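One file, upload_36.txt, is given below (compact mmCIF, C-alpha atoms).
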# COMPACT_ATOMS: atom_id res chain seq x y z
CA MET Z 259 11.60 23.64 -30.32
CA LYS Z 260 10.78 20.74 -32.63
CA ARG Z 261 14.25 19.41 -32.10
CA ALA Z 262 13.77 19.48 -28.37
CA LEU Z 263 10.47 17.68 -28.64
CA LEU Z 264 12.01 15.00 -30.81
CA ILE Z 265 14.74 14.42 -28.28
CA LEU Z 266 12.15 14.18 -25.52
CA ALA Z 267 10.10 11.71 -27.53
CA ALA Z 268 13.15 9.61 -28.27
CA THR Z 269 14.00 9.50 -24.59
CA GLN Z 270 10.56 8.18 -23.76
CA LEU Z 271 10.80 5.52 -26.41
CA THR Z 272 14.17 4.46 -25.05
CA ALA Z 273 12.71 4.11 -21.60
CA CYS Z 274 9.83 2.09 -22.98
CA ALA Z 275 12.03 -0.21 -25.00
CA ALA Z 276 14.24 -0.87 -22.04
CA HIS Z 277 11.26 -1.69 -19.93
CA ASN Z 278 9.83 -4.72 -21.53
CA ALA Z 279 6.61 -5.16 -19.60
CA HIS Z 280 4.86 -2.05 -20.80
CA ILE Z 281 1.47 -1.90 -22.34
CA VAL Z 282 1.39 1.35 -24.27
CA GLU Z 283 -1.97 2.88 -25.00
CA LEU Z 284 -2.32 4.55 -28.37
CA VAL Z 285 -3.79 7.71 -26.95
CA PRO Z 286 -2.24 10.81 -25.50
CA PRO Z 287 -1.67 10.42 -21.82
CA ASP Z 288 -3.20 12.59 -19.20
CA VAL Z 289 -5.53 14.48 -21.47
CA VAL Z 290 -8.85 14.73 -19.79
CA ASP Z 291 -11.92 16.58 -20.83
CA GLY Z 292 -11.78 18.38 -17.55
CA ALA Z 293 -13.06 21.89 -18.05
CA ASP Z 294 -16.47 20.88 -19.30
CA ARG Z 295 -16.86 18.68 -16.25
CA VAL Z 296 -15.74 21.32 -13.80
CA ALA Z 297 -18.41 23.92 -14.46
CA PRO Z 298 -21.35 21.87 -13.11
CA LEU Z 299 -19.28 20.94 -10.08
CA VAL Z 300 -18.57 24.58 -9.31
CA ASP Z 301 -22.24 25.36 -9.59
CA GLU Z 302 -23.21 22.43 -7.38
CA ALA Z 303 -20.67 23.24 -4.69
CA PHE Z 304 -21.61 26.90 -4.58
CA ARG Z 305 -25.32 26.11 -4.37
CA ALA Z 306 -24.57 23.76 -1.50
CA LEU Z 307 -22.66 26.52 0.25
CA VAL Z 308 -25.54 28.93 -0.18
CA ASP Z 309 -27.93 26.32 1.20
CA ASP Z 310 -25.62 25.78 4.16
CA GLY Z 311 -25.53 29.46 5.08
CA PRO Z 312 -28.32 31.30 3.29
CA ASP Z 313 -27.70 34.58 5.06
CA ALA Z 314 -23.97 34.55 4.95
CA LEU Z 315 -23.59 36.17 1.57
CA ARG Z 316 -26.15 38.90 2.15
CA ASN Z 317 -24.94 42.49 2.43
CA ASP Z 318 -21.32 41.54 2.80
CA GLU Z 319 -18.31 41.98 0.62
CA VAL Z 320 -16.76 38.77 -0.49
CA ALA Z 321 -13.20 38.08 -1.45
CA MET Z 322 -12.42 34.98 -3.35
CA ALA Z 323 -9.53 32.59 -3.71
CA VAL Z 324 -9.54 29.72 -6.18
CA GLU Z 325 -7.07 26.88 -5.93
CA ILE Z 326 -6.56 23.85 -8.13
CA ASP Z 327 -4.80 20.74 -6.99
CA ASP Z 328 -1.22 20.79 -8.11
CA VAL Z 329 -1.18 17.63 -10.18
CA ASP Z 330 0.09 16.93 -13.65
CA ALA Z 331 -3.28 16.79 -15.30
CA ALA Z 332 -4.04 18.57 -18.53
CA PHE Z 333 -7.54 19.95 -18.86
CA ALA Z 334 -9.09 20.05 -22.28
CA ALA Z 335 -11.89 22.29 -23.43
CA ASP Z 336 -13.09 23.51 -26.79
CA GLY Z 337 -10.56 21.33 -28.52
CA ALA Z 338 -7.58 22.88 -26.76
CA LEU Z 339 -5.63 22.20 -23.60
CA LEU Z 340 -6.08 24.55 -20.68
CA GLU Z 341 -3.25 25.47 -18.43
CA ARG Z 342 -4.03 25.33 -14.74
CA GLU Z 343 -4.09 29.12 -14.48
CA GLU Z 344 -6.56 29.38 -17.34
CA LEU Z 345 -8.81 26.86 -15.68
CA ARG Z 346 -8.58 28.78 -12.43
CA GLU Z 347 -9.72 31.94 -14.19
CA ARG Z 348 -12.63 30.08 -15.71
CA ILE Z 349 -13.76 28.87 -12.31
CA GLU Z 350 -13.34 32.31 -10.85
CA GLY Z 351 -15.37 33.84 -13.64
CA GLN Z 352 -18.12 31.33 -13.07
CA LEU Z 353 -18.19 32.17 -9.37
CA VAL Z 354 -18.30 35.87 -10.10
CA ASP Z 355 -21.46 35.22 -12.06
CA LEU Z 356 -22.88 33.13 -9.25
CA LEU Z 357 -22.02 35.63 -6.53
CA GLY Z 358 -23.53 38.55 -8.36
CA ASP Z 359 -23.75 41.73 -6.34
CA ALA Z 360 -22.18 40.16 -3.29
CA LEU Z 361 -18.80 40.24 -4.96
CA THR Z 362 -18.02 43.88 -4.36
CA THR Z 363 -14.34 43.52 -3.93
CA ARG Z 364 -11.67 40.97 -4.66
CA THR Z 365 -9.18 42.40 -2.25
CA VAL Z 366 -8.89 39.96 0.57
CA ASP Z 367 -8.00 42.51 3.25
CA ALA Z 368 -10.95 44.73 2.53
CA ALA Z 369 -13.64 42.12 2.22
CA GLU Z 370 -15.79 41.02 5.11
CA LEU Z 371 -16.06 37.49 3.88
CA ARG Z 372 -13.70 35.16 2.14
CA LEU Z 373 -14.75 32.42 -0.24
CA ASP Z 374 -12.19 29.72 -0.76
CA VAL Z 375 -12.79 27.35 -3.63
CA TRP Z 376 -10.85 24.21 -4.41
CA LEU Z 377 -10.87 22.03 -7.46
CA LEU Z 378 -9.70 18.74 -6.00
CA VAL Z 379 -8.15 16.33 -8.45
CA ASP Z 380 -7.57 12.69 -7.55
CA MET Z 381 -5.23 10.79 -9.83
CA GLY Z 382 -4.51 8.07 -7.33
CA ARG Z 383 -6.18 5.51 -9.53
CA ILE Z 384 -4.17 4.67 -12.56
CA ASP Z 385 -7.07 4.58 -14.97
CA ALA Z 386 -9.28 7.38 -13.71
CA VAL Z 387 -9.44 11.00 -12.74
CA SER Z 388 -11.83 12.17 -10.06
CA LEU Z 389 -12.85 15.76 -9.54
CA ARG Z 390 -14.64 17.51 -6.73
CA VAL Z 391 -15.21 21.20 -6.05
CA ALA Z 392 -15.42 22.42 -2.48
CA CYS Z 393 -16.34 25.91 -1.27
CA LEU Z 394 -15.76 27.40 2.14
CA LEU Z 395 -16.97 30.73 3.46
CA THR Z 396 -15.25 32.35 6.41
CA HIS Z 397 -15.30 35.76 8.04
CA ARG Z 398 -12.26 37.97 7.83
CA ASP Z 399 -12.11 38.38 11.59
CA ALA Z 400 -12.59 34.69 12.31
CA PRO Z 401 -10.91 32.75 9.54
CA ARG Z 402 -11.03 29.50 11.47
CA GLU Z 403 -14.78 29.51 11.91
CA THR Z 404 -16.85 28.15 9.09
CA LEU Z 405 -19.79 30.25 8.04
CA ALA Z 406 -20.85 27.97 5.25
CA TYR Z 407 -19.51 25.03 3.34
CA GLY Z 408 -20.53 23.31 0.16
CA GLU Z 409 -19.11 20.61 -2.01
CA SER Z 410 -20.00 18.84 -5.18
CA HIS Z 411 -20.29 15.15 -5.80
CA ILE Z 412 -17.19 13.35 -7.07
CA GLU Z 413 -17.05 13.17 -10.83
CA THR Z 414 -14.94 10.26 -12.02
CA PHE Z 415 -14.04 9.54 -15.59
CA GLU Z 416 -11.60 7.47 -17.53
CA ARG Z 417 -8.01 8.56 -17.85
CA LEU Z 418 -5.99 7.52 -20.82
CA ARG Z 419 -2.30 7.16 -20.43
CA CYS Z 420 0.82 5.37 -21.50
CA PHE Z 421 0.60 2.49 -19.12
CA GLY Z 422 4.23 1.85 -18.62
CA CYS Z 423 5.90 5.22 -18.95
CA ARG Z 424 4.42 6.76 -15.83
CA ASP Z 425 4.20 10.06 -17.67
CA ASP Z 426 1.33 11.17 -15.51
CA PHE Z 427 3.02 10.30 -12.24
CA PHE Z 428 5.95 12.64 -12.23
CA GLY Z 429 4.18 14.84 -9.75
CA ASP Z 430 1.61 14.65 -7.03
CA THR Z 431 -1.32 12.34 -7.55
CA GLY Z 432 -3.56 14.93 -5.97
CA THR Z 433 -6.16 14.83 -3.28
CA ARG Z 434 -7.39 11.42 -2.25
CA LEU Z 435 -11.10 11.82 -2.69
CA ARG Z 436 -13.54 9.63 -0.82
CA ASN Z 437 -17.22 9.30 -1.46
CA GLU Z 438 -18.27 10.38 1.99
CA SER Z 439 -18.71 14.07 2.61
CA ARG Z 440 -16.15 15.87 4.72
CA SER Z 441 -18.37 18.81 5.47
CA GLY Z 442 -19.06 17.77 9.06
CA GLY Z 443 -16.07 16.30 10.77
CA VAL Z 444 -13.44 18.63 9.46
CA PHE Z 445 -15.03 21.82 10.62
CA LEU Z 446 -16.51 20.64 13.87
CA LEU Z 447 -12.95 20.22 15.00
CA GLY Z 448 -12.67 23.98 14.83
CA THR Z 449 -9.22 23.79 13.37
CA GLY Z 450 -9.87 25.68 10.23
CA TYR Z 451 -9.69 24.81 6.60
CA TYR Z 452 -7.40 26.85 4.47
CA TYR Z 453 -3.72 25.99 4.81
CA GLY Z 454 -4.70 23.51 7.45
CA PRO Z 455 -6.28 20.20 8.28
CA TYR Z 456 -8.42 19.99 5.20
CA HIS Z 457 -5.50 19.48 2.91
CA ASN Z 458 -3.53 17.58 5.46
CA HIS Z 459 -6.44 15.27 5.88
CA TYR Z 460 -6.72 14.44 2.25
CA HIS Z 461 -3.09 14.36 1.24
CA SER Z 462 -1.09 11.33 2.10
CA PRO Z 463 2.01 12.41 3.98
CA ARG Z 464 4.06 10.07 1.81
CA SER Z 465 3.97 9.27 -1.83
CA THR Z 466 1.54 6.48 -2.60
CA TYR Z 467 1.75 3.64 -5.06
CA THR Z 468 -1.09 1.81 -6.72
CA ARG Z 469 -1.07 -1.89 -7.56
CA VAL Z 470 -2.28 -2.59 -11.08
CA ARG Z 471 -2.98 -5.97 -12.66
CA ASN Z 472 -2.53 -6.18 -16.43
CA MET L 98 -5.03 -19.00 -4.66
CA ALA L 99 -6.58 -16.45 -2.37
CA PRO L 100 -6.97 -17.61 1.21
CA PRO L 101 -9.56 -15.88 3.38
CA LEU L 102 -6.74 -14.39 5.45
CA GLU L 103 -6.44 -11.65 2.86
CA SER L 104 -9.73 -10.23 3.98
CA MET L 105 -8.83 -10.31 7.67
CA PRO L 106 -7.38 -7.31 9.43
CA ARG L 107 -3.76 -7.70 10.39
CA SER L 108 -4.55 -7.28 14.03
CA VAL L 109 -6.86 -10.30 13.87
CA VAL L 110 -4.24 -12.40 12.12
CA LEU L 111 -1.68 -11.36 14.70
CA ALA L 112 -4.01 -12.22 17.57
CA ILE L 113 -4.73 -15.66 16.14
CA LEU L 114 -1.06 -16.37 15.73
CA LEU L 115 -0.22 -15.28 19.23
CA LEU L 116 -2.92 -17.59 20.56
CA VAL L 117 -1.51 -20.45 18.55
CA VAL L 118 2.02 -19.75 19.76
CA VAL L 119 0.95 -19.52 23.38
CA GLY L 120 -1.17 -22.63 23.04
CA CYS L 121 1.63 -24.64 21.51
CA THR L 122 4.24 -23.65 24.03
CA SER L 123 2.32 -23.72 27.29
CA PRO L 124 2.38 -26.82 29.52
CA ARG L 125 -0.53 -29.16 29.08
CA ALA L 126 -1.80 -32.19 30.92
CA HIS L 127 -2.34 -34.23 27.76
CA GLY L 128 -0.81 -34.58 24.34
CA PRO L 129 2.89 -35.01 23.88
CA ALA L 130 3.53 -34.73 27.61
CA ALA L 131 2.01 -38.17 27.93
CA ASP L 132 5.05 -39.45 26.09
CA ASP L 133 7.00 -38.92 29.29
CA ARG L 134 5.53 -42.17 30.55
CA TYR L 135 7.24 -43.90 27.68
CA PRO L 136 10.72 -42.38 27.62
CA SER L 137 12.82 -43.25 24.68
CA ASP L 138 16.12 -42.26 23.27
CA TYR L 139 14.40 -39.68 21.09
CA VAL L 140 12.53 -37.59 23.63
CA ILE L 141 13.90 -34.09 24.06
CA PRO L 142 12.61 -32.78 27.39
CA ARG L 143 14.00 -29.27 26.99
CA ALA L 144 16.55 -27.95 24.59
CA PHE L 145 17.73 -25.01 22.59
CA TYR L 146 18.43 -25.71 19.00
CA VAL L 147 19.87 -24.24 15.86
CA GLY L 148 18.99 -25.40 12.41
CA THR L 149 19.55 -24.75 8.77
CA ARG L 150 17.53 -25.75 5.78
CA VAL L 151 17.58 -25.52 2.02
CA GLY L 152 14.78 -25.96 -0.39
CA SER L 153 12.92 -25.11 -3.52
CA THR L 154 10.28 -22.43 -3.44
CA ARG L 155 7.70 -21.21 -5.91
CA LEU L 156 6.27 -17.71 -5.65
CA ARG L 157 3.01 -16.81 -7.35
CA GLY L 158 0.18 -14.37 -6.69
CA ASP L 159 1.18 -10.93 -7.93
CA PHE L 160 4.63 -12.26 -8.77
CA ASP L 161 3.50 -13.56 -12.13
CA GLY L 162 4.72 -10.77 -14.42
CA ARG L 163 1.31 -9.14 -14.73
CA THR L 164 1.45 -6.68 -11.87
CA GLN L 165 2.72 -3.14 -11.81
CA VAL L 166 3.08 -0.82 -8.87
CA VAL L 167 2.65 2.69 -10.11
CA GLY L 168 3.41 5.86 -8.25
CA PRO L 169 6.41 8.16 -8.11
CA ASP L 170 8.19 5.32 -9.91
CA THR L 171 6.78 2.55 -12.02
CA ILE L 172 7.66 -0.89 -10.68
CA ASP L 173 7.13 -4.05 -12.68
CA VAL L 174 6.68 -6.99 -10.35
CA PRO L 175 8.47 -9.81 -12.19
CA ASP L 176 7.45 -13.36 -12.78
CA ALA L 177 9.26 -15.03 -9.91
CA GLY L 178 8.86 -18.63 -10.89
CA THR L 179 10.85 -21.16 -8.89
CA GLY L 180 13.78 -20.25 -6.70
CA ALA L 181 16.14 -21.63 -4.11
CA ALA L 182 15.72 -20.86 -0.43
CA THR L 183 18.06 -21.11 2.50
CA ALA L 184 17.16 -20.56 6.12
CA PHE L 185 18.71 -20.38 9.54
CA ALA L 186 16.75 -20.97 12.72
CA VAL L 187 17.23 -20.74 16.44
CA GLY L 188 14.63 -22.11 18.77
CA TYR L 189 13.54 -23.72 21.97
CA THR L 190 11.76 -27.03 22.27
CA LYS L 191 10.06 -28.86 25.09
CA HIS L 192 8.43 -32.26 24.73
CA GLY L 193 7.67 -31.81 21.09
CA ARG L 194 6.48 -28.23 21.24
CA SER L 195 8.85 -25.71 19.79
CA ILE L 196 9.10 -22.04 19.09
CA GLU L 197 11.72 -20.62 16.77
CA VAL L 198 12.90 -17.51 14.97
CA VAL L 199 13.91 -18.08 11.39
CA TYR L 200 15.70 -15.97 8.83
CA THR L 201 15.03 -17.07 5.26
CA ARG L 202 16.41 -15.84 1.97
CA ALA L 203 15.12 -16.98 -1.39
CA ASN L 204 16.68 -16.21 -4.75
CA TYR L 205 14.69 -16.16 -7.96
CA ASP L 206 15.72 -15.15 -11.46
CA GLU L 207 14.67 -11.52 -11.09
CA LEU L 208 14.20 -10.96 -7.40
CA GLU L 209 15.27 -11.91 -3.93
CA THR L 210 13.03 -12.26 -0.94
CA SER L 211 14.03 -12.26 2.68
CA SER L 212 12.01 -12.76 5.80
CA VAL L 213 12.13 -13.12 9.53
CA ALA L 214 9.55 -15.50 10.92
CA LEU L 215 8.27 -16.52 14.31
CA ASN L 216 7.22 -20.16 14.10
CA ALA L 217 5.48 -22.54 16.43
CA LEU L 218 5.91 -26.27 15.83
CA TYR L 219 4.06 -29.23 17.23
CA ALA L 220 5.44 -32.74 16.94
CA LEU L 221 2.79 -35.45 16.91
CA ARG L 222 5.00 -38.28 18.27
CA ALA L 223 7.74 -36.62 20.23
CA ASN L 224 9.14 -39.87 21.66
CA GLU L 225 9.71 -41.72 18.41
CA ARG L 226 12.41 -41.74 15.81
CA VAL L 227 10.07 -40.47 13.13
CA GLN L 228 8.15 -37.43 14.26
CA PRO L 229 5.53 -35.82 12.03
CA TYR L 230 5.02 -32.20 12.87
CA ALA L 231 2.92 -29.17 12.01
CA LEU L 232 4.07 -25.58 11.85
CA VAL L 233 2.38 -22.19 11.89
CA GLY L 234 4.33 -18.99 11.59
CA LEU L 235 4.06 -15.24 11.45
CA VAL L 236 6.33 -13.92 8.74
CA PHE L 237 7.77 -10.48 8.08
CA PRO L 238 9.05 -10.50 4.51
CA TRP L 239 10.71 -7.97 2.21
CA ALA L 240 11.87 -8.23 -1.37
CA THR L 241 14.28 -6.68 -3.83
CA LEU L 242 13.23 -6.70 -7.47
CA ASP L 243 16.15 -6.58 -9.88
CA ASP L 244 16.03 -3.72 -12.42
CA ALA L 245 12.28 -3.58 -12.02
CA SER L 246 11.64 0.13 -11.60
CA THR L 247 11.97 3.24 -13.70
CA ASP L 248 11.33 6.90 -13.16
CA GLY L 249 11.06 7.45 -16.88
CA MET L 250 14.80 7.78 -17.38
CA ALA L 251 16.76 5.56 -15.05
CA ILE L 252 16.12 1.88 -14.48
CA GLY L 253 17.08 0.15 -11.27
CA ASP L 254 16.14 -2.12 -8.43
CA ALA L 255 12.92 -1.75 -6.52
CA ASP L 256 12.11 -2.77 -2.99
CA LEU L 257 8.92 -4.12 -1.50
CA ARG L 258 8.73 -3.68 2.24
CA SER L 259 6.43 -3.66 5.24
CA GLY L 260 5.47 -7.21 4.48
CA ILE L 261 3.50 -9.54 6.64
CA GLY L 262 2.58 -13.13 6.08
CA LEU L 263 1.28 -16.34 7.52
CA GLN L 264 2.78 -19.71 6.83
CA LEU L 265 1.43 -23.19 7.41
CA ALA L 266 3.60 -26.22 6.96
CA GLY L 267 3.92 -29.86 7.79
CA GLY L 268 6.82 -32.22 7.80
CA VAL L 269 8.47 -35.32 9.08
CA ALA L 270 11.59 -35.33 11.24
CA TRP L 271 14.00 -38.19 11.67
CA MET L 272 15.71 -38.12 15.04
CA PHE L 273 19.30 -39.25 15.39
CA GLY L 274 19.34 -39.67 19.15
CA GLN L 275 18.58 -36.54 21.11
CA ARG L 276 21.10 -34.30 19.43
CA VAL L 277 20.39 -34.17 15.74
CA ALA L 278 17.31 -34.25 13.55
CA LEU L 279 16.85 -34.30 9.81
CA ASP L 280 13.50 -33.27 8.46
CA LEU L 281 11.54 -32.86 5.27
CA ARG L 282 8.99 -30.05 5.14
CA GLY L 283 6.34 -28.80 2.76
CA GLY L 284 4.58 -25.52 3.35
CA TYR L 285 2.52 -22.65 2.11
CA LEU L 286 3.14 -18.99 2.81
CA TRP L 287 0.74 -16.16 2.10
CA GLN L 288 2.31 -12.74 2.30
CA GLU L 289 1.66 -9.17 1.30
CA PHE L 290 3.80 -6.06 0.93
CA SER L 291 2.33 -2.67 1.66
CA GLU L 292 5.25 -0.36 0.89
CA ALA L 293 7.38 0.16 -2.21
CA GLU L 294 10.43 2.10 -3.22
CA GLY L 295 11.63 2.57 -6.76
CA VAL L 296 14.83 3.61 -8.45
CA ALA L 297 14.32 7.28 -7.64
CA GLY L 298 14.18 6.50 -3.94
CA SER L 299 10.55 7.50 -3.59
CA SER L 300 9.16 5.33 -0.85
CA GLY L 301 5.43 5.10 -0.39
CA SER L 302 2.58 2.94 0.70
CA ILE L 303 0.79 0.72 -1.81
CA ASP L 304 -2.94 0.88 -2.29
CA ASP L 305 -4.21 -2.69 -2.34
CA ALA L 306 -0.98 -4.35 -1.26
CA VAL L 307 1.10 -6.64 -3.44
CA ASN L 308 0.57 -10.22 -2.36
CA GLY L 309 2.36 -13.44 -3.01
CA SER L 310 1.56 -17.08 -2.49
CA GLN L 311 4.63 -19.17 -1.87
CA PHE L 312 4.97 -22.92 -1.85
CA GLU L 313 8.09 -24.45 -0.44
CA LEU L 314 9.64 -27.89 -0.13
CA SER L 315 12.77 -28.08 1.96
CA VAL L 316 15.06 -30.27 4.03
CA GLY L 317 16.51 -29.19 7.33
CA LEU L 318 19.16 -30.22 9.76
CA THR L 319 18.75 -29.35 13.43
CA PHE L 320 21.18 -29.58 16.33
CA PHE L 321 19.85 -29.69 19.87
CA ARG L 322 21.53 -28.62 23.09
CA LEU L 323 19.77 -30.33 25.98
CA LEU L 324 19.05 -28.37 29.11
CA ARG L 325 19.48 -29.74 32.59
CA GLY L 326 16.50 -30.88 34.62
CA GLY L 327 14.43 -31.40 31.61
CA ARG L 328 13.27 -34.94 32.22
Produce structure tokens that represent the structure in this file.
Amino acid sequence: MKRALLILAATQLTACAAHNAHIVELVPPDVVDGADRVAPLVDEAFRALVDDGPDALRNDEVAMAVEIDDVDAAFAADGALLEREELRERIEGQLVDLLGDALTTRTVDAAELRLDVWLLVDMGRIDAVSLRVACLLTHRDAPRETLAYGESHIETFERLRCFGCRDDFFGDTGTRLRNESRSGGVFLLGTGYYYGPYHNHYHSPRSTYTRVRN
Amino acid sequence: MAPPLESMPRSVVLAILLLVVVGCTSPRAHGPAADDRYPSDYVIPRAFYVGTRVGSTRLRGDFDGRTQVVGPDTIDVPDAGTGAATAFAVGYTKHGRSIEVVYTRANYDELETSSVALNALYALRANERVQPYALVGLVFPWATLDDASTDGMAIGDADLRSGIGLQLAGGVAWMFGQRVALDLRGGYLWQEFSEAEGVAGSSGSIDDAVNGSQFELSVGLTFFRLLRGGR
């Protein structure tokens, strides 16, 4: 394994040396203190959802689905890196605590209600990572009708990376987050949320570049 | 140099240019048409023309070696410096007002730019041997940056596309009868590129488009073909 890592490191150095305009930061790229920032966002988004539909969670079974933007971000917590799946479980566990007795089942087919939760990650800016959590509650029999919606504010913090090696841009740059809330316009269209316009709305249909001045 | 045009929507810039073009090419009761009362050997009532020009051009703005375009590929926008430009034009002129389509190619050390432009020209003294003129043009540029992009492994050319620009220029033309003109022109072109493609072939839009300010000094040779009934 060490041999493989050495080869990988040497390849990166070769790319850097051949590319003479790089400014290489002396910090690990793409390591963000994400997990500690996510928890308050989950709480805020869920509280907003409860405020939006105070009766929706009463006396109903709730299924839950947690999704994290598929971007090449590493989330750090407690001095260690979290894989995306581990972070998803953390968020789910936090929501289980918040839902309390309402979470009687986690089987989607059996539950009356479905709670979809997204951790949206915006790495469109070269020097920052932005996070937002959004929650959507729908009924099993009417998945396109919104019962309640809540979202957190956008948390933005500095991202440290190798400037020239684009090591954090091999994949998607995530959801393009904007400061304005999307809780109104998206759902008034009546076109649903999950699998649908919400993601389409945020994701650029084509890969996007960012201009950076050194 | 950052002209206020950068803050204007493209549709506004386009509308202004169309107004200028229409204004420069429509018949008017005054201005150069008054030269008809003083016909000379240099008046060109109506004519098609073709022209070629060569010149020196300097490209600045984001083309100063300090700009990167980062996305699926990383693109280093090189320091363009000074390059050589060649152009070919076809146009129509009437009493000192002209409209032309121009293809221009400029070669720099580490990149090439090309453009197609729609220009409107206005000669101040269309009946004299020496004719000062002004030019405004809408430009659609694109560029190829040599070995400027990498996907982490491979290194290769990058392209900047979906460009739009506005050029302003002035010059002096020397007429050799009604058939040939030689001119000297100095101009400024502001342009921006809103799409990029790197070595991996990942094409995408650019947040906060790459822009370039271009200064050009050139000489041109134009050949006119007079049209009948154009007195």
Next item on the list: Compute the set of chain L residues within 12 Å of chain Z, using all atoms listed in the file, and express it as a ChimeraX atom specification.
Entry: /L:158-176,244-253,257,289-295,297-308
Checklist line | Long-range neighbours of segment 200-203 of chain L as a ChimeraX atom specification, 12 Å cut-off, all atoms listed in the file, 6 positions minimum in chain | finding: /L:147-156,177-188,209-216,235-241,311-313,315
Item checked: Pairwise distance for atom CA of Leu221 of chain L and atom CA of Leu279 of chain L, rounded to one decimal in Å -> 15.8 Å
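Considering only C-alpha atoms, the residue among L:Ile261, L:Val227, L:Val233, L:Leu323 positioned nearest to Leu281 of chain L is L:Val227.
Here atom CA of Gln264 of chain L and atom CA of Gly284 of chain L stand 7.0 Å from one another.
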Next item on the list: Write out as a PyMOL selection string which residues come within 8 Å of segment 391-398 of chain Z when counting only C-alpha atoms, dropping same-chain ones fewer than 3 positions away.
Entry: chain Z and resi 296+299-300+303-304+307+367+369-378+401-411+451
Hey, could you pull the box centre and edge lengths for segment 226-243 of chain L, axis-aligned, 4 Å padding per side, all listed atoms, to one decimal in Å, as JSON?
{"center_x": 9.3, "center_y": -24.2, "center_z": 3.0, "size_x": 21.8, "size_y": 43.2, "size_z": 33.7}
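Every protein or nucleic acid residue with an atom no more than 7 Å from Leu218 of chain L, counting all atoms listed in the file and leaving out same-chain residues fewer than 3 positions away, appears here: L:Arg194, L:Ser195, L:Ile196, L:Tyr230, L:Ala231, L:Leu232, L:Val233.
Reported to one decimal place, the separation of atom CA of Asp336 of chain Z from atom CA of Val324 of chain Z is 21.8 Å.
Of the residues listed (L:Ser310, L:Thr190, L:Ser259, L:Gln228), L:Gln228 shows the shortest atom-to-atom separation from Asp280 of chain L; distances use only C-alpha atoms.
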Item checked: Within 9 Å of Glu413 of chain Z using all atoms listed in the file, minus same-chain residues under 5 positions, as an MDAnalysis selection string -> chainID Z and resid 295:296 299 387:390
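If all atoms listed in the file are the atoms counted, then among Z:Leu435, Z:Ala334, Z:Leu357, Z:Ala386 the closest residue to Asp291 of chain Z is Z:Ala334.
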Could I see segment 321-330 of chain Z restored to N, CA, C and O atoms, set down as a CSV table (one decimal), in the coordinates of the input?
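The new file rebuild-v7.csv reads:
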chain,number,residue,atom,x,y,z
Z,321,ALA,N,-14.4,38.3,-0.7
Z,321,ALA,CA,-13.2,38.1,-1.4
Z,321,ALA,C,-13.2,36.6,-1.8
Z,321,ALA,O,-13.8,35.8,-1.3
Z,322,MET,N,-12.4,36.3,-2.8
Z,322,MET,CA,-12.4,35.0,-3.4
Z,322,MET,C,-11.0,34.5,-3.7
Z,322,MET,O,-10.2,35.2,-4.1
Z,323,ALA,N,-10.8,33.2,-3.4
Z,323,ALA,CA,-9.5,32.6,-3.7
Z,323,ALA,C,-9.9,31.2,-4.3
Z,323,ALA,O,-10.6,30.5,-3.8
Z,324,VAL,N,-9.3,31.0,-5.5
Z,324,VAL,CA,-9.5,29.7,-6.2
Z,324,VAL,C,-8.2,29.0,-6.3
Z,324,VAL,O,-7.2,29.5,-6.7
Z,325,GLU,N,-8.3,27.7,-5.9
Z,325,GLU,CA,-7.1,26.9,-5.9
Z,325,GLU,C,-7.4,25.6,-6.6
Z,325,GLU,O,-8.4,25.0,-6.5
Z,326,ILE,N,-6.4,25.1,-7.4
Z,326,ILE,CA,-6.6,23.8,-8.1
Z,326,ILE,C,-5.4,22.9,-7.7
Z,326,ILE,O,-4.3,23.4,-7.5
Z,327,ASP,N,-5.8,21.7,-7.4
Z,327,ASP,CA,-4.8,20.7,-7.0
Z,327,ASP,C,-3.6,20.7,-7.9
Z,327,ASP,O,-3.7,20.7,-9.1
Z,328,ASP,N,-2.4,20.7,-7.3
Z,328,ASP,CA,-1.2,20.8,-8.1
Z,328,ASP,C,-0.8,19.4,-8.6
Z,328,ASP,O,0.1,18.8,-8.1
Z,329,VAL,N,-1.5,18.9,-9.6
Z,329,VAL,CA,-1.2,17.6,-10.2
Z,329,VAL,C,-0.9,17.8,-11.7
Z,329,VAL,O,-1.3,18.8,-12.3
Z,330,ASP,N,-0.3,16.8,-12.2
Z,330,ASP,CA,0.1,16.9,-13.6
Z,330,ASP,C,-1.0,16.4,-14.5
Z,330,ASP,O,-0.9,15.5,-15.3
